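The structure file data_13.cif is reproduced below (mmCIF, N, CA, C and O atoms).
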```
data_query
loop_
_atom_site.group_PDB
_atom_site.id
_atom_site.type_symbol
_atom_site.label_atom_id
_atom_site.label_comp_id
_atom_site.auth_asym_id
_atom_site.auth_seq_id
_atom_site.Cartn_x
_atom_site.Cartn_y
_atom_site.Cartn_z
ATOM 1 N N MET A 1 20.913 -1.374 -22.426
ATOM 2 C CA MET A 1 19.736 -1.488 -21.596
ATOM 3 C C MET A 1 19.542 -0.172 -20.834
ATOM 4 O O MET A 1 20.470 0.362 -20.259
ATOM 5 N N THR A 2 18.353 0.337 -20.871
ATOM 6 C CA THR A 2 18.083 1.589 -20.170
ATOM 7 C C THR A 2 17.476 1.302 -18.804
ATOM 8 O O THR A 2 16.680 0.386 -18.638
ATOM 9 N N TYR A 3 17.886 2.072 -17.845
ATOM 10 C CA TYR A 3 17.361 1.941 -16.491
ATOM 11 C C TYR A 3 16.491 3.146 -16.189
ATOM 12 O O TYR A 3 16.852 4.268 -16.461
ATOM 13 N N SER A 4 15.366 2.868 -15.605
ATOM 14 C CA SER A 4 14.492 3.981 -15.230
ATOM 15 C C SER A 4 14.613 4.234 -13.732
ATOM 16 O O SER A 4 14.956 3.342 -12.954
ATOM 17 N N ILE A 5 14.329 5.427 -13.352
ATOM 18 C CA ILE A 5 14.398 5.783 -11.938
ATOM 19 C C ILE A 5 13.256 5.117 -11.171
ATOM 20 O O ILE A 5 13.420 4.707 -10.038
ATOM 21 N N PHE A 6 12.136 4.979 -11.800
ATOM 22 C CA PHE A 6 10.953 4.480 -11.110
ATOM 23 C C PHE A 6 10.346 3.364 -11.950
ATOM 24 O O PHE A 6 9.597 3.614 -12.869
ATOM 25 N N ASN A 7 10.664 2.127 -11.626
ATOM 26 C CA ASN A 7 10.157 1.013 -12.420
ATOM 27 C C ASN A 7 8.858 0.457 -11.830
ATOM 28 O O ASN A 7 8.413 0.884 -10.769
ATOM 29 N N PHE A 8 8.272 -0.506 -12.497
ATOM 30 C CA PHE A 8 6.956 -1.017 -12.116
ATOM 31 C C PHE A 8 6.987 -1.733 -10.772
ATOM 32 O O PHE A 8 6.075 -1.589 -9.959
ATOM 33 N N GLN A 9 8.038 -2.495 -10.499
ATOM 34 C CA GLN A 9 8.121 -3.196 -9.216
ATOM 35 C C GLN A 9 8.250 -2.207 -8.061
ATOM 36 O O GLN A 9 7.671 -2.420 -7.000
ATOM 37 N N SER A 10 8.963 -1.117 -8.266
ATOM 38 C CA SER A 10 9.058 -0.086 -7.243
ATOM 39 C C SER A 10 7.703 0.559 -6.991
ATOM 40 O O SER A 10 7.341 0.835 -5.842
ATOM 41 N N LEU A 11 6.957 0.789 -8.054
ATOM 42 C CA LEU A 11 5.618 1.360 -7.916
ATOM 43 C C LEU A 11 4.719 0.433 -7.110
ATOM 44 O O LEU A 11 4.009 0.879 -6.201
ATOM 45 N N LEU A 12 4.740 -0.865 -7.405
ATOM 46 C CA LEU A 12 3.930 -1.814 -6.650
ATOM 47 C C LEU A 12 4.335 -1.873 -5.184
ATOM 48 O O LEU A 12 3.489 -1.959 -4.300
ATOM 49 N N THR A 13 5.633 -1.810 -4.917
ATOM 50 C CA THR A 13 6.115 -1.820 -3.541
ATOM 51 C C THR A 13 5.632 -0.599 -2.778
ATOM 52 O O THR A 13 5.156 -0.709 -1.639
ATOM 53 N N VAL A 14 5.715 0.565 -3.389
ATOM 54 C CA VAL A 14 5.265 1.797 -2.738
ATOM 55 C C VAL A 14 3.761 1.755 -2.480
ATOM 56 O O VAL A 14 3.298 2.138 -1.405
ATOM 57 N N ILE A 15 2.980 1.265 -3.425
ATOM 58 C CA ILE A 15 1.528 1.185 -3.249
ATOM 59 C C ILE A 15 1.182 0.220 -2.125
ATOM 60 O O ILE A 15 0.327 0.521 -1.273
ATOM 61 N N LEU A 16 1.825 -0.940 -2.089
ATOM 62 C CA LEU A 16 1.561 -1.899 -1.011
ATOM 63 C C LEU A 16 1.933 -1.330 0.349
ATOM 64 O O LEU A 16 1.193 -1.497 1.323
ATOM 65 N N LEU A 17 3.072 -0.681 0.439
ATOM 66 C CA LEU A 17 3.474 -0.072 1.707
ATOM 67 C C LEU A 17 2.515 1.036 2.126
ATOM 68 O O LEU A 17 2.205 1.182 3.316
ATOM 69 N N LEU A 18 2.032 1.815 1.173
ATOM 70 C CA LEU A 18 1.070 2.869 1.479
ATOM 71 C C LEU A 18 -0.234 2.286 2.012
ATOM 72 O O LEU A 18 -0.775 2.760 3.014
ATOM 73 N N ILE A 19 -0.728 1.234 1.373
ATOM 74 C CA ILE A 19 -1.971 0.596 1.817
ATOM 75 C C ILE A 19 -1.805 0.018 3.218
ATOM 76 O O ILE A 19 -2.663 0.220 4.095
ATOM 77 N N CYS A 20 -0.711 -0.689 3.448
ATOM 78 C CA CYS A 20 -0.491 -1.291 4.766
ATOM 79 C C CYS A 20 -0.315 -0.237 5.860
ATOM 80 O O CYS A 20 -0.858 -0.376 6.961
ATOM 81 N N THR A 21 0.418 0.817 5.551
ATOM 82 C CA THR A 21 0.634 1.878 6.532
ATOM 83 C C THR A 21 -0.659 2.606 6.871
ATOM 84 O O THR A 21 -0.945 2.867 8.045
ATOM 85 N N CYS A 22 -1.451 2.918 5.872
ATOM 86 C CA CYS A 22 -2.714 3.616 6.118
ATOM 87 C C CYS A 22 -3.688 2.751 6.910
ATOM 88 O O CYS A 22 -4.388 3.254 7.802
ATOM 89 N N ALA A 23 -3.733 1.457 6.603
ATOM 90 C CA ALA A 23 -4.612 0.560 7.361
ATOM 91 C C ALA A 23 -4.160 0.465 8.812
ATOM 92 O O ALA A 23 -4.990 0.443 9.727
ATOM 93 N N TYR A 24 -2.871 0.434 9.042
ATOM 94 C CA TYR A 24 -2.351 0.377 10.416
ATOM 95 C C TYR A 24 -2.657 1.664 11.173
ATOM 96 O O TYR A 24 -3.096 1.622 12.326
ATOM 97 N N ILE A 25 -2.450 2.807 10.525
ATOM 98 C CA ILE A 25 -2.727 4.088 11.181
ATOM 99 C C ILE A 25 -4.206 4.205 11.512
ATOM 100 O O ILE A 25 -4.573 4.653 12.599
ATOM 101 N N ARG A 26 -5.068 3.765 10.602
ATOM 102 C CA ARG A 26 -6.505 3.847 10.862
ATOM 103 C C ARG A 26 -6.918 2.912 11.990
ATOM 104 O O ARG A 26 -7.823 3.219 12.754
ATOM 105 N N ALA A 27 -6.237 1.780 12.127
ATOM 106 C CA ALA A 27 -6.544 0.862 13.223
ATOM 107 C C ALA A 27 -6.110 1.438 14.570
ATOM 108 O O ALA A 27 -6.785 1.237 15.589
ATOM 109 N N MET A 28 -4.993 2.161 14.587
ATOM 110 C CA MET A 28 -4.481 2.714 15.835
ATOM 111 C C MET A 28 -5.144 4.049 16.207
ATOM 112 O O MET A 28 -5.421 4.300 17.377
ATOM 113 N N ALA A 29 -5.370 4.900 15.212
ATOM 114 C CA ALA A 29 -5.946 6.227 15.464
ATOM 115 C C ALA A 29 -6.919 6.567 14.337
ATOM 116 O O ALA A 29 -6.554 7.264 13.384
ATOM 117 N N PRO A 30 -8.155 6.066 14.409
ATOM 118 C CA PRO A 30 -9.104 6.262 13.303
ATOM 119 C C PRO A 30 -9.436 7.724 13.018
ATOM 120 O O PRO A 30 -9.732 8.079 11.882
ATOM 121 N N SER A 31 -9.362 8.566 14.015
ATOM 122 C CA SER A 31 -9.748 9.964 13.805
ATOM 123 C C SER A 31 -8.796 10.697 12.872
ATOM 124 O O SER A 31 -9.177 11.697 12.253
ATOM 125 N N LEU A 32 -7.556 10.231 12.742
ATOM 126 C CA LEU A 32 -6.599 10.892 11.854
ATOM 127 C C LEU A 32 -7.002 10.795 10.391
ATOM 128 O O LEU A 32 -6.837 11.746 9.626
ATOM 129 N N LEU A 33 -7.528 9.647 9.988
ATOM 130 C CA LEU A 33 -7.872 9.459 8.588
ATOM 131 C C LEU A 33 -9.351 9.692 8.296
ATOM 132 O O LEU A 33 -9.707 9.994 7.165
ATOM 133 N N ASP A 34 -10.206 9.536 9.295
ATOM 134 C CA ASP A 34 -11.644 9.651 9.049
ATOM 135 C C ASP A 34 -12.103 11.085 8.785
ATOM 136 O O ASP A 34 -13.135 11.298 8.158
ATOM 137 N N LYS A 35 -11.342 12.063 9.255
ATOM 138 C CA LYS A 35 -11.774 13.446 9.037
ATOM 139 C C LYS A 35 -11.444 13.949 7.632
ATOM 140 O O LYS A 35 -11.958 14.961 7.205
ATOM 141 N N ASN A 36 -10.600 13.229 6.906
ATOM 142 C CA ASN A 36 -10.216 13.629 5.548
ATOM 143 C C ASN A 36 -10.633 12.557 4.552
ATOM 144 O O ASN A 36 -9.821 11.782 4.081
ATOM 145 N N LYS A 37 -11.909 12.512 4.224
ATOM 146 C CA LYS A 37 -12.400 11.496 3.291
ATOM 147 C C LYS A 37 -12.431 11.978 1.850
ATOM 148 O O LYS A 37 -12.604 11.183 0.943
ATOM 149 N N THR A 38 -12.258 13.259 1.634
ATOM 150 C CA THR A 38 -12.259 13.809 0.282
ATOM 151 C C THR A 38 -10.997 14.635 0.078
ATOM 152 O O THR A 38 -10.293 14.962 1.021
ATOM 153 N N GLY A 39 -10.752 14.960 -1.157
ATOM 154 C CA GLY A 39 -9.602 15.792 -1.484
ATOM 155 C C GLY A 39 -8.327 14.996 -1.581
ATOM 156 O O GLY A 39 -8.332 13.764 -1.696
ATOM 157 N N LEU A 40 -7.208 15.684 -1.536
ATOM 158 C CA LEU A 40 -5.903 15.055 -1.686
ATOM 159 C C LEU A 40 -5.611 14.097 -0.536
ATOM 160 O O LEU A 40 -5.094 13.001 -0.748
ATOM 161 N N LEU A 41 -5.949 14.478 0.688
ATOM 162 C CA LEU A 41 -5.703 13.606 1.833
ATOM 163 C C LEU A 41 -6.679 12.435 1.886
ATOM 164 O O LEU A 41 -6.469 11.495 2.642
ATOM 165 N N GLY A 42 -7.725 12.493 1.077
ATOM 166 C CA GLY A 42 -8.669 11.382 1.000
ATOM 167 C C GLY A 42 -8.055 10.126 0.404
ATOM 168 O O GLY A 42 -8.577 9.023 0.584
ATOM 169 N N ILE A 43 -6.941 10.283 -0.293
ATOM 170 C CA ILE A 43 -6.236 9.122 -0.849
ATOM 171 C C ILE A 43 -5.803 8.188 0.274
ATOM 172 O O ILE A 43 -5.899 6.966 0.148
ATOM 173 N N PHE A 44 -5.356 8.745 1.391
ATOM 174 C CA PHE A 44 -4.914 7.923 2.511
ATOM 175 C C PHE A 44 -6.091 7.170 3.135
ATOM 176 O O PHE A 44 -5.953 6.021 3.539
ATOM 177 N N TRP A 45 -7.234 7.827 3.225
ATOM 178 C CA TRP A 45 -8.437 7.163 3.748
ATOM 179 C C TRP A 45 -8.850 6.017 2.827
ATOM 180 O O TRP A 45 -9.207 4.935 3.302
ATOM 181 N N LYS A 46 -8.781 6.254 1.519
ATOM 182 C CA LYS A 46 -9.140 5.202 0.561
ATOM 183 C C LYS A 46 -8.162 4.035 0.627
ATOM 184 O O LYS A 46 -8.565 2.871 0.529
ATOM 185 N N CYS A 47 -6.891 4.323 0.805
ATOM 186 C CA CYS A 47 -5.906 3.244 0.954
ATOM 187 C C CYS A 47 -6.171 2.437 2.222
ATOM 188 O O CYS A 47 -6.017 1.208 2.226
ATOM 189 N N ALA A 48 -6.566 3.114 3.288
ATOM 190 C CA ALA A 48 -6.901 2.404 4.528
ATOM 191 C C ALA A 48 -8.116 1.506 4.326
ATOM 192 O O ALA A 48 -8.155 0.380 4.830
ATOM 193 N N ARG A 49 -9.104 1.972 3.593
ATOM 194 C CA ARG A 49 -10.288 1.151 3.315
ATOM 195 C C ARG A 49 -9.932 -0.079 2.478
ATOM 196 O O ARG A 49 -10.441 -1.170 2.720
ATOM 197 N N ILE A 50 -9.065 0.099 1.507
ATOM 198 C CA ILE A 50 -8.615 -1.045 0.706
ATOM 199 C C ILE A 50 -7.886 -2.042 1.595
ATOM 200 O O ILE A 50 -8.106 -3.254 1.510
ATOM 201 N N GLY A 51 -7.032 -1.546 2.474
ATOM 202 C CA GLY A 51 -6.290 -2.425 3.374
ATOM 203 C C GLY A 51 -7.184 -3.179 4.336
ATOM 204 O O GLY A 51 -6.903 -4.319 4.699
ATOM 205 N N GLU A 52 -8.283 -2.551 4.765
ATOM 206 C CA GLU A 52 -9.216 -3.210 5.681
ATOM 207 C C GLU A 52 -10.082 -4.226 4.963
ATOM 208 O O GLU A 52 -10.277 -5.339 5.443
ATOM 209 N N ARG A 53 -10.616 -3.858 3.842
ATOM 210 C CA ARG A 53 -11.570 -4.723 3.151
ATOM 211 C C ARG A 53 -10.910 -5.850 2.380
ATOM 212 O O ARG A 53 -11.475 -6.921 2.234
ATOM 213 N N LYS A 54 -9.752 -5.615 1.846
ATOM 214 C CA LYS A 54 -9.053 -6.611 1.038
ATOM 215 C C LYS A 54 -7.798 -7.116 1.745
ATOM 216 O O LYS A 54 -6.815 -7.461 1.108
ATOM 217 N N SER A 55 -7.830 -7.206 3.066
ATOM 218 C CA SER A 55 -6.621 -7.540 3.817
ATOM 219 C C SER A 55 -6.016 -8.898 3.461
ATOM 220 O O SER A 55 -4.790 -9.009 3.405
ATOM 221 N N PRO A 56 -6.792 -9.970 3.189
ATOM 222 C CA PRO A 56 -6.128 -11.221 2.778
ATOM 223 C C PRO A 56 -5.381 -11.076 1.451
ATOM 224 O O PRO A 56 -4.278 -11.609 1.290
ATOM 225 N N TRP A 57 -5.964 -10.332 0.521
ATOM 226 C CA TRP A 57 -5.310 -10.122 -0.773
ATOM 227 C C TRP A 57 -4.072 -9.243 -0.639
ATOM 228 O O TRP A 57 -3.054 -9.492 -1.278
ATOM 229 N N VAL A 58 -4.176 -8.215 0.190
ATOM 230 C CA VAL A 58 -3.033 -7.326 0.410
ATOM 231 C C VAL A 58 -1.900 -8.094 1.081
ATOM 232 O O VAL A 58 -0.733 -7.958 0.707
ATOM 233 N N ALA A 59 -2.230 -8.927 2.066
ATOM 234 C CA ALA A 59 -1.211 -9.728 2.743
ATOM 235 C C ALA A 59 -0.542 -10.696 1.782
ATOM 236 O O ALA A 59 0.683 -10.864 1.814
ATOM 237 N N CYS A 60 -1.326 -11.307 0.920
ATOM 238 C CA CYS A 60 -0.766 -12.225 -0.080
ATOM 239 C C CYS A 60 0.175 -11.479 -1.028
ATOM 240 O O CYS A 60 1.272 -11.971 -1.347
ATOM 241 N N CYS A 61 -0.231 -10.310 -1.458
ATOM 242 C CA CYS A 61 0.631 -9.504 -2.342
ATOM 243 C C CYS A 61 1.917 -9.084 -1.639
ATOM 244 O O CYS A 61 2.982 -9.052 -2.261
ATOM 245 N N CYS A 62 1.828 -8.773 -0.344
ATOM 246 C CA CYS A 62 3.030 -8.406 0.405
ATOM 247 C C CYS A 62 4.007 -9.571 0.497
ATOM 248 O O CYS A 62 5.214 -9.387 0.357
ATOM 249 N N VAL A 63 3.486 -10.777 0.728
ATOM 250 C CA VAL A 63 4.346 -11.955 0.808
ATOM 251 C C VAL A 63 4.998 -12.229 -0.546
ATOM 252 O O VAL A 63 6.204 -12.502 -0.628
ATOM 253 N N ILE A 64 4.217 -12.135 -1.611
ATOM 254 C CA ILE A 64 4.767 -12.358 -2.952
ATOM 255 C C ILE A 64 5.826 -11.308 -3.289
ATOM 256 O O ILE A 64 6.891 -11.625 -3.836
ATOM 257 N N MET A 65 5.543 -10.055 -2.946
ATOM 258 C CA MET A 65 6.505 -8.988 -3.222
ATOM 259 C C MET A 65 7.783 -9.182 -2.408
ATOM 260 O O MET A 65 8.893 -9.012 -2.931
ATOM 261 N N ALA A 66 7.654 -9.575 -1.145
ATOM 262 C CA ALA A 66 8.839 -9.817 -0.320
ATOM 263 C C ALA A 66 9.663 -10.968 -0.889
ATOM 264 O O ALA A 66 10.896 -10.888 -0.944
ATOM 265 N N PHE A 67 9.007 -12.032 -1.316
ATOM 266 C CA PHE A 67 9.710 -13.167 -1.909
ATOM 267 C C PHE A 67 10.453 -12.745 -3.177
ATOM 268 O O PHE A 67 11.620 -13.100 -3.369
ATOM 269 N N SER A 68 9.792 -11.960 -3.999
ATOM 270 C CA SER A 68 10.452 -11.544 -5.253
ATOM 271 C C SER A 68 11.622 -10.603 -5.000
ATOM 272 O O SER A 68 12.638 -10.685 -5.697
ATOM 273 N N ILE A 69 11.495 -9.748 -4.005
ATOM 274 C CA ILE A 69 12.591 -8.828 -3.710
ATOM 275 C C ILE A 69 13.770 -9.581 -3.093
ATOM 276 O O ILE A 69 14.932 -9.339 -3.428
ATOM 277 N N LEU A 70 13.474 -10.526 -2.191
ATOM 278 C CA LEU A 70 14.558 -11.232 -1.500
ATOM 279 C C LEU A 70 15.247 -12.277 -2.370
ATOM 280 O O LEU A 70 16.469 -12.428 -2.298
ATOM 281 N N PHE A 71 14.503 -13.000 -3.159
ATOM 282 C CA PHE A 71 15.067 -14.164 -3.824
ATOM 283 C C PHE A 71 15.200 -14.047 -5.347
ATOM 284 O O PHE A 71 15.946 -14.813 -5.947
ATOM 285 N N LEU A 72 14.510 -13.138 -5.970
ATOM 286 C CA LEU A 72 14.540 -13.070 -7.427
ATOM 287 C C LEU A 72 15.371 -11.910 -7.972
ATOM 288 O O LEU A 72 15.524 -11.791 -9.173
ATOM 289 N N GLN A 73 15.846 -11.062 -7.126
ATOM 290 C CA GLN A 73 16.652 -9.955 -7.623
ATOM 291 C C GLN A 73 18.120 -10.212 -7.416
ATOM 292 O O GLN A 73 18.591 -10.785 -6.565
#
```

Would you put the structure from the file into structure tokens?
Amino acid sequence: MTYSIFNFQSLLTVILLLICTCAYIRAMAPSLLDKNKTGLLGIFWKCARIGERKSPWVACCCVIMAFSILFLQ
């Protein structure tokens, strides 16, 4: 069996954490993310928008991911 350094579940965990972190930062200090809406740093602004607009879905995914990490591994 081969093990990869970066598997799919790790990728999903990193994406969820990025979305949640960006949404939290934008809620606390909107000026940090609002000035960079384009370019490489625009990814963080887009993640914050996803976290704000799809927050019930993101929360559900976080709960499912936490359950799978705690109980299924």

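Pairwise distance (atom N of Ala66 of chain A, atom CA of Leu12 of chain A) equals 10.2 Å.
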
| query | Please, what distance in Å, to one decimal, runs between atom N of Trp45 of chain A and atom CA of Cys22 of chain A? | reply | 6.8 Å

| Residues near Ala48 of chain A, cut-off 6 Å, all atoms listed in the file, skip fewer than 3 positions along chain, as a VMD selection string | chain A and resid 18 to 19 22 to 23 43 to 45 51 to 53

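Taking atom N of Ile64 of chain A as the reference point, atom CA of Leu17 of chain A is found at 12.5 Å.
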
| task | Could you give me, as an NGL selection string, each residue of chain A that DSSP assigns to helix (DSSP H, G or I) when run on this structure's backbone? | result | :A and (8-28 or 30-34 or 42-53 or 55-71)

| task | Please tell me which residues are no farther than 6 Å from (0.7, -6.7, 1.4) in the file, counting only C-alpha atoms, and write them as a count of residues only. | result | 6

Find the smallest box with edges along x, y and z containing every listed atom of segment 41-48 of chain A, then add 4 Å on each side and report centre and edge lengths in Å to one decimal, as JSON.
```
{"center_x": -7.1, "center_y": 7.4, "center_z": 2.0, "size_x": 12.3, "size_y": 22.1, "size_z": 13.7}
```

| When distances are computed from only N, CA, C and O atoms, which of A:Gly42, A:Trp57, A:Arg49, A:Phe67 shows the smallest separation from Arg26 of chain A? |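 Ranking A:Gly42, A:Trp57, A:Arg49, A:Phe67 by distance to Arg26 of chain A, first place goes to A:Arg49.
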
| task | Determine the nearest neighbour of Cys20 of chain A from the options A:Ile50, A:Lys35, A:Phe8, A:Ile69, counting all atoms listed in the file. | result |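 Among the listed residues, the smallest separation from Cys20 of chain A belongs to A:Ile50.
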